[in-house]
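K.L.:
Here you go, start04.txt (compact mmCIF, C-alpha atoms):
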# COMPACT_ATOMS: atom_id res chain seq x y z
CA MET A 19 -0.08 2.56 -4.97
CA ALA A 20 -3.08 0.59 -4.13
CA ILE A 21 -1.80 -0.68 -0.86
CA HIS A 22 -2.28 2.90 0.34
CA VAL A 23 -5.99 2.94 -0.28
CA LEU A 24 -7.08 0.07 1.82
CA ALA A 25 -6.40 1.64 5.18
CA VAL A 26 -8.13 4.88 4.30
CA HIS A 27 -11.38 3.15 5.09
CA GLY A 28 -10.26 1.78 8.40
CA ASP A 29 -13.06 -0.23 10.03
CA SER A 30 -15.85 1.47 8.14
CA VAL A 31 -18.27 -1.00 6.60
CA GLY A 32 -19.52 -0.20 3.12
CA THR A 33 -23.16 -0.58 2.20
CA GLU A 34 -23.94 -3.91 0.57
CA ARG A 35 -25.32 -2.40 -2.63
CA ALA A 36 -24.10 -5.17 -4.86
CA ALA A 37 -26.78 -7.58 -3.59
CA GLY A 38 -29.43 -5.93 -5.69
CA GLY A 39 -27.16 -5.08 -8.60
CA SER A 40 -24.34 -6.72 -10.47
CA LEU A 41 -22.03 -8.48 -8.04
CA ALA A 42 -19.77 -9.50 -10.92
CA GLY A 43 -19.52 -5.87 -12.02
CA ALA A 44 -18.62 -4.75 -8.51
CA TYR A 45 -15.88 -7.36 -8.24
CA SER A 46 -14.61 -6.37 -11.68
CA VAL A 47 -14.13 -2.82 -10.44
CA GLY A 48 -12.17 -4.12 -7.46
CA VAL A 49 -10.01 -6.41 -9.60
CA LEU A 50 -9.26 -3.59 -12.05
CA CYS A 51 -8.23 -1.40 -9.09
CA TRP A 52 -5.59 -3.92 -7.98
CA LEU A 53 -4.42 -4.53 -11.54
CA LEU A 54 -3.76 -0.81 -11.90
CA SER A 55 -2.01 -0.86 -8.53
CA ALA A 56 0.25 -3.73 -9.61
CA GLY A 57 1.29 -1.64 -12.60
CA VAL A 58 2.68 0.99 -10.21
CA TYR A 59 5.34 -1.46 -9.00
CA ILE A 60 6.26 -2.33 -12.58
CA ALA A 61 6.51 1.33 -13.62
CA ALA A 62 8.58 2.23 -10.54
CA LYS A 63 10.97 -0.64 -11.15
CA TRP A 64 11.17 0.18 -14.88
CA VAL A 65 12.46 3.72 -14.26
CA SER A 66 14.33 3.01 -11.00
CA THR A 67 17.70 3.60 -12.67
CA GLU A 68 16.58 6.88 -14.25
CA MET A 69 14.13 8.55 -11.86
CA PRO A 70 14.75 9.10 -8.13
CA PRO A 71 12.16 7.61 -5.74
CA TRP A 72 11.00 10.77 -3.97
CA ALA A 73 10.37 12.59 -7.25
CA LEU A 74 8.09 9.73 -8.30
CA CYS A 75 6.39 9.71 -4.89
CA PHE A 76 5.88 13.49 -4.69
CA TRP A 77 4.48 13.98 -8.18
CA ARG A 78 2.29 10.89 -7.88
CA VAL A 79 0.45 12.02 -4.76
CA LEU A 80 0.31 15.66 -5.87
CA ILE A 81 -1.20 14.87 -9.28
CA ALA A 82 -3.66 12.38 -7.78
CA PHE A 83 -4.65 15.04 -5.21
CA ALA A 84 -5.22 17.64 -7.93
CA ILE A 85 -7.34 15.25 -10.03
CA LEU A 86 -9.55 14.06 -7.18
CA LEU A 87 -9.98 17.44 -5.45
CA PRO A 88 -12.76 18.77 -7.76
CA ILE A 89 -14.74 15.55 -7.30
CA VAL A 90 -15.17 16.21 -3.57
CA GLN A 91 -15.89 19.94 -3.80
CA ARG A 92 -19.27 19.54 -2.06
CA HIS A 93 -17.37 18.42 1.03
CA PHE A 94 -14.98 21.39 1.08
CA SER A 95 -16.51 22.99 4.18
CA GLU A 96 -16.25 19.74 6.17
CA MET A 97 -12.72 19.16 4.90
CA LEU A 98 -11.65 22.64 5.93
CA ALA A 99 -13.16 22.18 9.39
CA LEU A 100 -11.26 18.91 9.82
CA VAL A 101 -8.00 20.52 8.72
CA ARG A 102 -8.47 23.34 11.20
CA GLY A 103 -9.34 21.01 14.05
CA ARG A 104 -6.99 18.08 13.43
CA GLY A 105 -4.52 19.30 10.83
CA MET A 106 -1.35 17.96 12.44
CA GLU A 107 -2.94 14.56 12.94
CA LEU A 108 -3.93 14.44 9.27
CA LEU A 109 -0.44 15.50 8.25
CA PHE A 110 1.23 12.79 10.34
CA ILE A 111 -1.08 9.96 9.32
CA GLY A 112 -1.26 10.91 5.62
CA GLY A 113 2.47 11.51 5.49
CA MET A 114 3.20 8.15 7.10
CA GLY A 115 0.95 6.03 4.90
CA LEU A 116 0.92 7.78 1.54
CA ALA A 117 4.39 9.36 1.42
CA ILE A 118 6.94 7.72 3.73
CA CYS A 119 5.64 4.26 2.92
CA GLN A 120 5.66 4.87 -0.84
CA GLY A 121 9.08 6.49 -0.74
CA MET A 122 10.54 3.49 1.08
CA ILE A 123 9.02 1.06 -1.41
CA PHE A 124 10.30 3.07 -4.39
CA ILE A 125 13.77 3.15 -2.79
CA GLY A 126 13.54 -0.59 -2.28
CA LEU A 127 12.64 -1.18 -5.92
CA GLU A 128 15.99 0.33 -6.91
CA HIS A 129 17.63 -2.80 -5.49
CA ALA A 130 14.92 -5.48 -5.27
CA ASP A 131 12.82 -6.99 -8.04
CA ALA A 132 9.13 -6.19 -8.37
CA THR A 133 8.09 -9.82 -7.83
CA THR A 134 9.72 -9.91 -4.40
CA ALA A 135 8.17 -6.54 -3.51
CA GLY A 136 4.71 -7.83 -4.40
CA ILE A 137 5.10 -10.86 -2.14
CA ILE A 138 6.44 -8.78 0.76
CA ILE A 139 3.52 -6.35 0.46
CA ALA A 140 1.15 -9.28 1.08
CA LEU A 141 2.50 -9.20 4.64
CA ILE A 142 0.77 -5.87 5.38
CA PRO A 143 -2.51 -7.32 6.78
CA ILE A 144 -0.52 -9.50 9.20
CA ILE A 145 1.63 -6.63 10.47
CA THR A 146 -1.55 -4.54 10.78
CA MET A 147 -3.22 -7.25 12.85
CA ILE A 148 -0.26 -7.41 15.25
CA LEU A 149 -0.09 -3.61 15.63
CA ALA A 150 -3.87 -3.46 16.12
CA ARG A 151 -3.54 -5.97 18.93
CA VAL A 152 -0.82 -3.89 20.60
CA MET A 153 -2.26 -0.42 20.01
CA LEU A 154 -6.02 -0.99 19.83
CA SER A 155 -6.40 -4.19 21.90
CA GLU A 156 -8.13 -5.94 19.00
CA PRO A 157 -8.57 -9.72 19.48
CA MET A 158 -5.80 -12.03 18.33
CA GLY A 159 -6.08 -15.77 18.94
CA SER A 160 -3.47 -18.50 19.02
CA TRP A 161 -4.12 -19.39 15.36
CA GLN A 162 -3.44 -15.79 14.42
CA VAL A 163 -0.13 -15.94 16.28
CA ALA A 164 0.76 -19.17 14.46
CA GLY A 165 -0.23 -17.64 11.12
CA SER A 166 1.88 -14.55 11.80
CA ILE A 167 4.92 -16.70 12.59
CA LEU A 168 4.45 -18.70 9.37
CA ALA A 169 4.16 -15.52 7.30
CA PHE A 170 7.23 -14.02 8.97
CA LEU A 171 9.21 -17.16 8.14
CA GLY A 172 8.02 -16.85 4.55
CA ILE A 173 9.29 -13.28 4.29
CA LEU A 174 12.57 -14.27 5.94
CA LEU A 175 12.98 -17.11 3.43
CA ILE A 176 12.53 -14.66 0.54
CA ILE A 177 14.92 -12.08 1.99
CA VAL A 178 17.72 -14.65 2.44
CA LYS A 179 16.80 -16.17 -0.96
CA GLY A 180 16.40 -19.61 0.56
CA SER A 181 19.97 -19.66 1.89
CA PRO A 182 20.44 -20.01 5.69
CA ASP A 183 24.08 -19.00 5.16
CA ALA A 184 22.90 -15.54 4.07
CA LEU A 185 21.11 -15.19 7.42
CA LEU A 186 24.24 -16.16 9.35
CA ARG A 187 26.32 -13.69 7.32
CA LEU A 188 23.62 -11.01 7.61
CA ASP A 189 23.85 -10.81 3.82
CA PHE A 190 20.55 -9.13 2.95
CA ASN A 191 19.36 -7.20 -0.08
CA PRO A 192 18.90 -3.62 1.22
CA GLY A 193 16.03 -3.09 -1.21
CA GLU A 194 13.99 -5.85 0.36
CA LEU A 195 14.60 -4.41 3.82
CA TRP A 196 13.37 -1.02 2.59
CA ILE A 197 10.19 -2.67 1.29
CA VAL A 198 9.62 -4.45 4.60
CA ALA A 199 10.03 -1.08 6.35
CA GLY A 200 7.51 0.42 3.93
CA ALA A 201 5.05 -2.37 4.71
CA PHE A 202 5.48 -1.68 8.43
CA CYS A 203 4.85 2.05 7.91
CA PHE A 204 1.66 1.36 6.01
CA SER A 205 0.45 -1.04 8.70
CA LEU A 206 1.11 1.62 11.32
CA TYR A 207 -0.78 4.12 9.16
CA THR A 208 -3.73 1.69 9.00
CA VAL A 209 -3.92 1.35 12.76
CA LEU A 210 -3.51 5.09 13.39
CA LEU A 211 -6.29 5.78 10.90
CA ARG A 212 -8.59 3.32 12.63
CA ARG A 213 -7.89 4.95 15.96
CA ALA A 214 -8.39 8.48 14.59
CA LYS A 215 -11.94 7.76 13.29
CA PHE A 216 -12.12 10.89 11.17
CA ASP A 217 -15.77 11.81 10.59
CA LEU A 218 -15.64 12.65 6.89
CA ASN A 219 -16.72 11.25 3.53
CA ARG A 220 -14.35 8.43 2.51
CA LEU A 221 -13.11 9.98 -0.76
CA ALA A 222 -12.86 13.46 0.75
CA LEU A 223 -10.70 12.07 3.54
CA LEU A 224 -8.48 10.35 1.00
CA VAL A 225 -7.98 13.67 -0.80
CA LEU A 226 -6.89 15.33 2.45
CA LEU A 227 -4.48 12.48 3.17
CA LEU A 228 -3.02 12.78 -0.33
CA GLY A 229 -2.48 16.50 0.28
CA ALA A 230 -0.73 15.67 3.54
CA ALA A 231 1.41 13.13 1.69
CA ALA A 232 2.46 15.74 -0.90
CA LEU A 233 3.54 18.12 1.88
CA THR A 234 5.49 15.33 3.58
CA ALA A 235 7.23 14.19 0.39
CA LEU A 236 8.14 17.74 -0.70
CA PRO A 237 11.30 18.21 1.46
CA PHE A 238 12.60 14.77 0.41
CA TYR A 239 11.99 15.68 -3.23
CA LEU A 240 13.71 19.06 -2.86
CA TYR A 241 16.72 17.34 -1.31
CA GLU A 242 16.84 14.94 -4.25
CA LEU A 243 17.00 17.85 -6.67
CA THR A 244 20.35 18.82 -5.20
CA ALA A 245 21.75 15.41 -4.26
CA ASP A 246 20.61 13.03 -7.00
CA GLU A 247 21.84 13.10 -10.57
CA ARG A 248 18.61 11.56 -11.88
CA THR A 249 16.70 14.84 -11.88
CA THR A 250 15.92 15.25 -15.57
CA LEU A 251 12.72 13.58 -16.69
CA ASN A 252 13.19 11.72 -19.96
CA THR A 253 10.50 10.01 -22.03
CA SER A 254 10.38 6.80 -20.00
CA GLY A 255 10.27 8.80 -16.75
CA LEU A 256 7.35 10.88 -17.97
CA ILE A 257 5.47 7.79 -19.11
CA ALA A 258 6.03 6.08 -15.77
CA LEU A 259 4.99 9.20 -13.85
CA ALA A 260 1.86 9.63 -15.96
CA TYR A 261 0.90 6.05 -15.24
CA VAL A 262 1.51 6.00 -11.47
CA ALA A 263 -0.26 9.36 -11.00
CA ILE A 264 -3.34 8.90 -13.23
CA PRO A 265 -4.37 5.27 -13.96
CA GLY A 266 -2.30 3.89 -11.07
CA GLY A 267 -3.07 6.83 -8.79
CA ALA A 268 -6.24 8.92 -9.06
CA LEU A 269 -8.25 6.36 -11.06
CA MET A 270 -7.15 3.45 -8.88
CA TYR A 271 -8.07 5.34 -5.68
CA TYR A 272 -11.46 6.24 -7.14
CA LEU A 273 -12.18 2.66 -8.25
CA PHE A 274 -11.31 1.30 -4.85
CA ASN A 275 -13.77 3.67 -3.21
CA ARG A 276 -16.42 2.49 -5.67
CA SER A 277 -15.67 -1.15 -4.85
CA ILE A 278 -15.94 -0.36 -1.12
CA GLU A 279 -19.40 1.13 -1.69
CA ALA A 280 -20.56 -1.89 -3.69
CA LEU A 281 -18.94 -4.75 -1.79
CA GLY A 282 -18.23 -3.45 1.69
CA ALA A 283 -14.79 -2.88 3.17
CA ALA A 284 -14.13 -6.52 4.09
CA ARG A 285 -14.83 -8.02 0.66
CA ALA A 286 -13.12 -5.24 -1.25
CA GLY A 287 -10.07 -5.46 1.01
CA VAL A 288 -9.63 -9.21 0.51
CA LEU A 289 -9.02 -8.53 -3.20
CA LEU A 290 -5.69 -6.99 -2.15
CA TYR A 291 -4.10 -10.42 -2.34
CA ILE A 292 -4.57 -10.74 -6.10
CA GLN A 293 -2.24 -7.75 -6.48
CA THR A 294 0.70 -10.06 -5.73
CA ILE A 295 -0.31 -12.32 -8.62
CA PHE A 296 -0.71 -9.39 -11.00
CA ILE A 297 2.73 -8.05 -10.05
CA ALA A 298 4.40 -11.42 -10.67
CA VAL A 299 2.72 -11.81 -14.08
CA LEU A 300 3.42 -8.24 -15.21
CA ALA A 301 7.01 -8.43 -13.96
CA TYR A 302 7.52 -11.56 -16.05
CA LEU A 303 5.90 -10.10 -19.18
CA ILE A 304 7.34 -6.57 -19.03
CA LEU A 305 10.51 -6.73 -16.93
CA GLY A 306 11.58 -10.28 -17.73
CA GLU A 307 11.65 -11.30 -14.06
CA LYS A 308 11.24 -14.97 -13.22
CA LEU A 309 9.85 -16.68 -10.16
CA GLN A 310 12.58 -18.41 -8.18
CA THR A 311 12.13 -21.42 -5.94
CA TYR A 312 12.49 -19.29 -2.82
CA HIS A 313 9.70 -17.00 -4.11
CA LEU A 314 7.32 -19.96 -4.30
CA GLU A 315 8.39 -21.41 -0.95
CA GLY A 316 8.12 -18.05 0.81
CA ALA A 317 4.77 -17.29 -0.83
CA ALA A 318 3.45 -20.70 0.27
CA LEU A 319 4.32 -19.94 3.90
CA ILE A 320 2.72 -16.48 3.69
CA ILE A 321 -0.46 -17.91 2.13
CA ALA A 322 -0.63 -20.59 4.83
CA GLY A 323 -0.27 -17.91 7.48
CA LEU A 324 -2.95 -15.75 5.87
CA LEU A 325 -5.36 -18.69 5.68
CA LEU A 326 -4.90 -19.39 9.39
CA ILE A 327 -5.56 -15.73 10.17
CA ILE A 328 -8.55 -15.27 7.85
CA LEU A 329 -10.33 -18.61 8.33
CA LEU A 330 -9.75 -18.97 12.08
CA LYS A 331 -10.15 -15.34 13.10
CA PRO A 332 -11.50 -15.05 16.67
CA LYS A 333 -15.07 -13.83 16.91
CA GLU A 334 -15.52 -10.44 18.47
CA LYS A 335 -17.78 -10.28 21.50
CA THR A 336 -21.20 -8.85 20.77
CA ALA A 337 -21.66 -5.55 22.55
CA ALA A 338 -24.46 -5.41 25.10
CA ALA A 339 -27.59 -3.69 23.89
Rewrite the structure of this file - the entire thing - as structure tokens.
P.N.:
Amino acid sequence: MAIHVLAVHGDSVGTERAAGGSLAGAYSVGVLCWLLSAGVYIAAKWVSTEMPPWALCFWRVLIAFAILLPIVQRHFSEMLALVRGRGMELLFIGGMGLAICQGMIFIGLEHADATTAGIIIALIPIITMILARVMLSEPMGSWQVAGSILAFLGILLIIVKGSPDALLRLDFNPGELWIVAGAFCFSLYTVLLRRAKFDLNRLALLVLLLGAAALTALPFYLYELTADERTTLNTSGLIALAYVAIPGGALMYYLFNRSIEALGAARAGVLLYIQTIFIAVLAYLILGEKLQTYHLEGAALIIAGLLLIILLKPKEKTAAA
């Protein structure tokens, strides 16, 4: 899912190629990327009663890996050198962000609706900022703290469905808690990837991380084969898998890399937030989900928090020449 592409680029800044070309075309590529990503949530929710989560996760990353691998063949020697030198690090980071995170979100979608998942996922940049402050000592001002608190309250409001009594009774939807855990895992993956600073072509690195994710998801998938009754792929399961692996997987990853090259990492990353809108619209049209009052109230708090963080971000000190 698209949330798993953003962190692959860490702090790398893409070349501003769009200035001399079609800026509208570059943004269109980015928007299409997040639209395809939103469809992953819809597909996963659609087959959640028929297809186990780790099967969907494993085949998604494996098929995307197989499709993208030939595209980066000119980087094979560099990729092999990185695997030999830092293989366990790649396995841990790729497994965390592209397997464990996805598996948790797919588990969560068995119990939570896609609309709620989309709103919770919008919390990822805030969790990432907090972890980056703790682990990387990145700057975080008072407005960022205030924004984080607002966003947290927004998520809490959604989880308790606007009812304080649910909080007192600890009456939570387990699916939403799984999705929050998945968001945390992806944020941790983002920070670890920034710290690792792998010296490799962006798309080639993504392919290696997808391979690591497939290896990580494999034991969970094998366990499912023996423990879960939903092991037979029917027509709807195959359709969903085909979508999340190809348009919502390999193509989406490729398009995001193209948008990074055209717009730069910062601009392309900001487009992440429209994914929440796409998920809500598609969930209404395809799954029949409806926005509840607590969705709107929670989303308003999250947006307010994000605005505080984005608009009042502390300026980094200029390094001495």
K.L.:
Residues at most 12 Å from Gln91 in chain A, counting all atoms listed in the file, excluding those fewer than 6 positions away in the same chain, as a PDB file with C-alpha atoms, in the coordinates of the input?
P.N.:
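Below you can see out33.pdb, which holds the result:
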ATOM      1  CA  ALA A  84      -5.220  17.640  -7.930  1.00  0.00           C
ATOM      2  CA  ILE A  85      -7.340  15.250 -10.030  1.00  0.00           C
ATOM      3  CA  MET A  97     -12.720  19.160   4.900  1.00  0.00           C
ATOM      4  CA  LEU A  98     -11.650  22.640   5.930  1.00  0.00           C
ATOM      5  CA  ASN A 219     -16.720  11.250   3.530  1.00  0.00           C
ATOM      6  CA  LEU A 221     -13.110   9.980  -0.760  1.00  0.00           C
ATOM      7  CA  ALA A 222     -12.860  13.460   0.750  1.00  0.00           C
ATOM      8  CA  LEU A 223     -10.700  12.070   3.540  1.00  0.00           C
ATOM      9  CA  VAL A 225      -7.980  13.670  -0.800  1.00  0.00           C
ATOM     10  CA  LEU A 226      -6.890  15.330   2.450  1.00  0.00           C
TER      11      LEU A 226
END
K.L.:
Using all atoms listed in the file and a cutoff of 9 Å, can you tell me which residues are near (4.0, 1.3, -3.0) in the file's coordinates, and write them out as a ChimeraX atom specification?
P.N.:
/A:19-22,55,58-59,62,75,116,119-124,135,139,197,200-201
K.L.:
Give me, please, the distance in Å between CA of Arg92 in chain A and CA of Leu224 in chain A, quoted to one decimal.
P.N.:
14.5 Å
K.L.:
What are the closest atom pairs, with distances in Å to one decimal, for all residues of range 22-141 of chain A lying within 7 Å of range 204-207 of chain A? Consider all atoms listed in the file, order rows by chain and residue number, and present the result as CSV.
P.N.:
residue,atom,partner,partner_atom,distance
A:Ile111,CA,A:Tyr207,CA,5.8
A:Met114,CA,A:Tyr207,CA,6.0
A:Gly115,CA,A:Phe204,CA,4.9
A:Cys119,CA,A:Phe204,CA,5.8
K.L.:
Next, the residues of the selection above should be written as a compact mmCIF listing (two decimals), in the frame of the given file with C-alpha atoms.
P.N.:
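What ended up in again_29.txt:
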# COMPACT_ATOMS: atom_id res chain seq x y z
CA ILE A 111 -1.08 9.96 9.32
CA MET A 114 3.20 8.15 7.10
CA GLY A 115 0.95 6.03 4.90
CA CYS A 119 5.64 4.26 2.92
K.L.:
Give the answer as one residue: which of A:Phe170, A:Phe296, A:Phe216, A:Tyr261 has the shortest atom-to-atom distance to Ala61 in chain A, using all atoms listed in the file?
P.N.:
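Of all the options, A:Tyr261 lies closest to Ala61 in chain A.
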K.L.:
Restricting the calculation to only C-alpha atoms: of A:Leu54, A:Gly136, A:Thr253, A:Arg78, which residue gets closest to Pro265 in chain A?
P.N.:
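Selected residue with least distance to Pro265 in chain A: A:Leu54.
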K.L.:
Tell me which of A:Val90, A:Leu325, A:Ile292, A:Ala317 sits closest to Val49 in chain A, counting only C-alpha atoms.
P.N.:
A:Ile292
K.L.:
Would you please work out which residue, of A:Ile144, A:Leu256, A:Thr234, A:Val198, is nearest to Gly323 in chain A when using all atoms listed in the file?
P.N.:
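Smallest distance to Gly323 in chain A is found for A:Ile144.
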K.L.:
Between A:Ile304, A:Ala232, A:Val65, A:Ala99, which residue has the minimum interatomic distance to Asn252 in chain A, considering only C-alpha atoms?
P.N.:
A:Val65
K.L.:
Between CA of Val178 in chain A and CA of Trp161 in chain A, what is the distance, to one decimal in Å?
P.N.:
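These atoms are spaced 25.8 Å apart.
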K.L.:
Quick test: take range 192-246 of chain A, keep C-alpha atoms, and write it as an mmCIF file, in the first residue's frame.
P.N.:
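Generated file (out23.cif):
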data_model
loop_
_atom_site.group_PDB
_atom_site.id
_atom_site.type_symbol
_atom_site.label_atom_id
_atom_site.label_comp_id
_atom_site.auth_asym_id
_atom_site.auth_seq_id
_atom_site.Cartn_x
_atom_site.Cartn_y
_atom_site.Cartn_z
ATOM 1 C CA PRO A 192 -9.614 -4.296 18.054
ATOM 2 C CA GLY A 193 -9.339 -3.625 14.327
ATOM 3 C CA GLU A 194 -8.692 0.059 14.888
ATOM 4 C CA LEU A 195 -6.018 -0.750 17.456
ATOM 5 C CA TRP A 196 -4.326 -3.047 14.928
ATOM 6 C CA ILE A 197 -4.330 -0.215 12.380
ATOM 7 C CA VAL A 198 -2.828 2.206 14.906
ATOM 8 C CA ALA A 199 -0.119 -0.395 15.605
ATOM 9 C CA GLY A 200 0.490 -0.694 11.863
ATOM 10 C CA ALA A 201 0.835 3.083 11.588
ATOM 11 C CA PHE A 202 3.378 3.041 14.421
ATOM 12 C CA CYS A 203 5.388 0.269 12.711
ATOM 13 C CA PHE A 204 5.516 2.218 9.475
ATOM 14 C CA SER A 205 6.630 5.365 11.285
ATOM 15 C CA LEU A 206 9.395 3.380 12.970
ATOM 16 C CA TYR A 207 10.358 1.975 9.563
ATOM 17 C CA THR A 208 10.560 5.540 8.196
ATOM 18 C CA VAL A 209 12.911 6.683 10.925
ATOM 19 C CA LEU A 210 15.090 3.564 10.712
ATOM 20 C CA LEU A 211 15.368 4.044 6.955
ATOM 21 C CA ARG A 212 16.417 7.657 7.392
ATOM 22 C CA ARG A 213 19.070 6.623 9.879
ATOM 23 C CA ALA A 214 20.338 3.779 7.675
ATOM 24 C CA LYS A 215 21.035 6.066 4.664
ATOM 25 C CA PHE A 216 21.443 3.209 2.206
ATOM 26 C CA ASP A 217 23.539 4.381 -0.748
ATOM 27 C CA LEU A 218 21.522 2.882 -3.598
ATOM 28 C CA ASN A 219 19.190 3.939 -6.394
ATOM 29 C CA ARG A 220 15.730 4.692 -4.953
ATOM 30 C CA LEU A 221 13.776 2.098 -6.959
ATOM 31 C CA ALA A 222 16.478 -0.552 -6.569
ATOM 32 C CA LEU A 223 16.366 -0.061 -2.801
ATOM 33 C CA LEU A 224 12.590 -0.422 -2.842
ATOM 34 C CA VAL A 225 12.934 -3.746 -4.679
ATOM 35 C CA LEU A 226 15.332 -5.031 -2.016
ATOM 36 C CA LEU A 227 12.962 -3.925 0.740
ATOM 37 C CA LEU A 228 10.061 -5.680 -0.988
ATOM 38 C CA GLY A 229 12.158 -8.855 -1.128
ATOM 39 C CA ALA A 230 12.877 -8.504 2.581
ATOM 40 C CA ALA A 231 9.158 -8.019 3.206
ATOM 41 C CA ALA A 232 8.309 -11.219 1.308
ATOM 42 C CA LEU A 233 10.787 -13.186 3.436
ATOM 43 C CA THR A 234 9.340 -11.677 6.616
ATOM 44 C CA ALA A 235 5.719 -12.361 5.654
ATOM 45 C CA LEU A 236 6.427 -15.953 4.531
ATOM 46 C CA PRO A 237 6.353 -17.646 7.997
ATOM 47 C CA PHE A 238 3.125 -15.813 8.900
ATOM 48 C CA TYR A 239 1.597 -16.937 5.610
ATOM 49 C CA LEU A 240 2.702 -20.547 6.120
ATOM 50 C CA TYR A 241 1.152 -20.514 9.588
ATOM 51 C CA GLU A 242 -2.104 -19.236 8.103
ATOM 52 C CA LEU A 243 -2.202 -22.161 5.697
ATOM 53 C CA THR A 244 -2.549 -24.513 8.645
ATOM 54 C CA ALA A 245 -4.527 -22.344 11.069
ATOM 55 C CA ASP A 246 -6.949 -20.342 8.935
#
